[in-house]
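S.K.: Dumping the structure here so I can ask a few things about it.
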Amino acid sequence: MQILSNLIKIKYPIIFAPFMHVSGMALFPFIVLSKKKFIHNPQIIRHEIIHLKQQLELLILPFYALYLLNYLVNLLKYKNHNKAYLNIVFEQGNRF
Ligand SMILES: [Zn+2]
């Protein structure tokens, strides 16, 4: 378990993927970060921990299916990646 700024206890393993084009991603049970410095960013870490909890609540695989389906429906609706992403139900209320 790693401790982030004495504020968040991280019980999930963190791996780094410098090729990612996003700051972080939750792939149960991992928090994947694109840069090592993001481990000190409580907003990013909290955001990904919330996604890991959402994944657990939905027994993991259904989360990914619903997330992707919601994104694709939003993409058809908004015809814009950012709007489609930001309007995914799992991103609502999980803002930085
Ligand atoms: Zn997110």
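Identifiers in this document derive from the order of the structure tokens: chains are assigned A, B, ..., residues are numbered from 1 separately in each chain, and ligands are numbered from 1 in order of occurrence.
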Would you mind writing down, as a list of chain:residue names, each residue of chain A that DSSP on the backbone assigns to strand (DSSP E or B)?

M.R.: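 Of chain A, only A:Gln2, A:Ile3, A:Leu4, A:Ile8, A:Lys9, A:Ile10, A:Ile14, A:Ile15, A:Phe16, A:Gly24, A:Met25, A:Ala26, A:Leu27, A:Phe30, A:Ile31, A:Val32, A:Leu33 fall in strand (DSSP E or B).
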
S.K.: Could you report the residues within 9 Å of ligand 1, using only C-alpha atoms and all ligand atoms, as a PyMOL selection string?

M.R.: chain A and resi 24-26+44+47-48+50-51+85-86+88+90-92+94-96

S.K.: Store the residues of this selection in a file with N, CA and C atoms, as a PDB file, in the first residue's frame.

M.R.:
```pdb
ATOM      1  N   GLY A  24      -4.506   9.119 -16.628  1.00  0.00           N
ATOM      2  CA  GLY A  24      -4.677   7.899 -15.855  1.00  0.00           C
ATOM      3  C   GLY A  24      -5.815   7.055 -16.368  1.00  0.00           C
ATOM      4  N   MET A  25      -5.828   5.815 -15.910  1.00  0.00           N
ATOM      5  CA  MET A  25      -6.859   4.874 -16.332  1.00  0.00           C
ATOM      6  C   MET A  25      -6.994   3.821 -15.223  1.00  0.00           C
ATOM      7  N   ALA A  26      -8.188   3.337 -15.049  1.00  0.00           N
ATOM      8  CA  ALA A  26      -8.421   2.288 -14.057  1.00  0.00           C
ATOM      9  C   ALA A  26      -8.700   0.984 -14.778  1.00  0.00           C
ATOM     10  N   ILE A  44      -6.250  13.003  -9.627  1.00  0.00           N
ATOM     11  CA  ILE A  44      -6.181  11.894 -10.582  1.00  0.00           C
ATOM     12  C   ILE A  44      -6.354  10.563  -9.851  1.00  0.00           C
ATOM     13  N   HIS A  47      -9.919  10.010  -8.726  1.00  0.00           N
ATOM     14  CA  HIS A  47     -10.762   9.737  -9.896  1.00  0.00           C
ATOM     15  C   HIS A  47     -10.641   8.261 -10.303  1.00  0.00           C
ATOM     16  N   GLU A  48      -9.430   7.775 -10.348  1.00  0.00           N
ATOM     17  CA  GLU A  48      -9.237   6.387 -10.785  1.00  0.00           C
ATOM     18  C   GLU A  48      -9.710   5.392  -9.712  1.00  0.00           C
ATOM     19  N   ILE A  50     -12.240   5.853  -7.752  1.00  0.00           N
ATOM     20  CA  ILE A  50     -13.704   5.803  -7.913  1.00  0.00           C
ATOM     21  C   ILE A  50     -14.069   4.852  -9.055  1.00  0.00           C
ATOM     22  N   HIS A  51     -13.317   4.923 -10.166  1.00  0.00           N
ATOM     23  CA  HIS A  51     -13.595   3.998 -11.278  1.00  0.00           C
ATOM     24  C   HIS A  51     -13.359   2.540 -10.855  1.00  0.00           C
ATOM     25  N   TYR A  85     -17.042  11.423 -24.162  1.00  0.00           N
ATOM     26  CA  TYR A  85     -16.347  10.956 -22.962  1.00  0.00           C
ATOM     27  C   TYR A  85     -16.914  11.609 -21.704  1.00  0.00           C
ATOM     28  N   LEU A  86     -17.032  12.927 -21.722  1.00  0.00           N
ATOM     29  CA  LEU A  86     -17.465  13.641 -20.517  1.00  0.00           C
ATOM     30  C   LEU A  86     -18.887  13.288 -20.104  1.00  0.00           C
ATOM     31  N   ILE A  88     -20.205  10.225 -20.378  1.00  0.00           N
ATOM     32  CA  ILE A  88     -20.339   8.829 -19.939  1.00  0.00           C
ATOM     33  C   ILE A  88     -20.825   8.839 -18.505  1.00  0.00           C
ATOM     34  N   PHE A  90     -20.408   7.081 -16.007  1.00  0.00           N
ATOM     35  CA  PHE A  90     -19.406   6.814 -14.981  1.00  0.00           C
ATOM     36  C   PHE A  90     -18.461   7.990 -14.766  1.00  0.00           C
ATOM     37  N   GLU A  91     -18.455   8.922 -15.702  1.00  0.00           N
ATOM     38  CA  GLU A  91     -17.619  10.113 -15.549  1.00  0.00           C
ATOM     39  C   GLU A  91     -18.393  11.235 -14.866  1.00  0.00           C
ATOM     40  N   GLN A  92     -19.713  11.123 -14.873  1.00  0.00           N
ATOM     41  CA  GLN A  92     -20.534  12.120 -14.222  1.00  0.00           C
ATOM     42  C   GLN A  92     -20.304  12.043 -12.705  1.00  0.00           C
ATOM     43  N   ASN A  94     -17.654  12.396 -11.251  1.00  0.00           N
ATOM     44  CA  ASN A  94     -16.296  11.905 -10.989  1.00  0.00           C
ATOM     45  C   ASN A  94     -15.321  12.814 -11.716  1.00  0.00           C
ATOM     46  N   ARG A  95     -15.541  14.091 -11.536  1.00  0.00           N
ATOM     47  CA  ARG A  95     -14.714  15.089 -12.203  1.00  0.00           C
ATOM     48  C   ARG A  95     -13.480  15.383 -11.379  1.00  0.00           C
ATOM     49  N   PHE A  96     -12.466  15.854 -12.062  1.00  0.00           N
ATOM     50  CA  PHE A  96     -11.228  16.251 -11.385  1.00  0.00           C
ATOM     51  C   PHE A  96     -11.479  17.445 -10.493  1.00  0.00           C
TER      52      PHE A  96
END
```

S.K.: Could you work out how far atom CA of Ser34 of chain A lies from atom CA of Ile60 of chain A, giving the answer in Å with one decimal?

M.R.: 22.0 Å

S.K.: Between A:Ala17, A:Leu27, A:Val73, A:Ile10, single out the one closest to Pro42 of chain A, counting only C-alpha atoms.

M.R.: A:Ile10

S.K.: In Å, rounded to a single decimal, give me how far atom CA of Lys9 of chain A is from atom CA of Ile49 of chain A.

M.R.: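 So the two atoms, atom CA of Ile49 of chain A and atom CA of Lys9 of chain A, lie 10.4 Å apart.
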
S.K.: Give me, please, the distance in Å between atom CA of Ile14 of chain A and atom CA of Leu56 of chain A, quoted to one decimal.

M.R.: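 Interatomic distance here is 16.9 Å.
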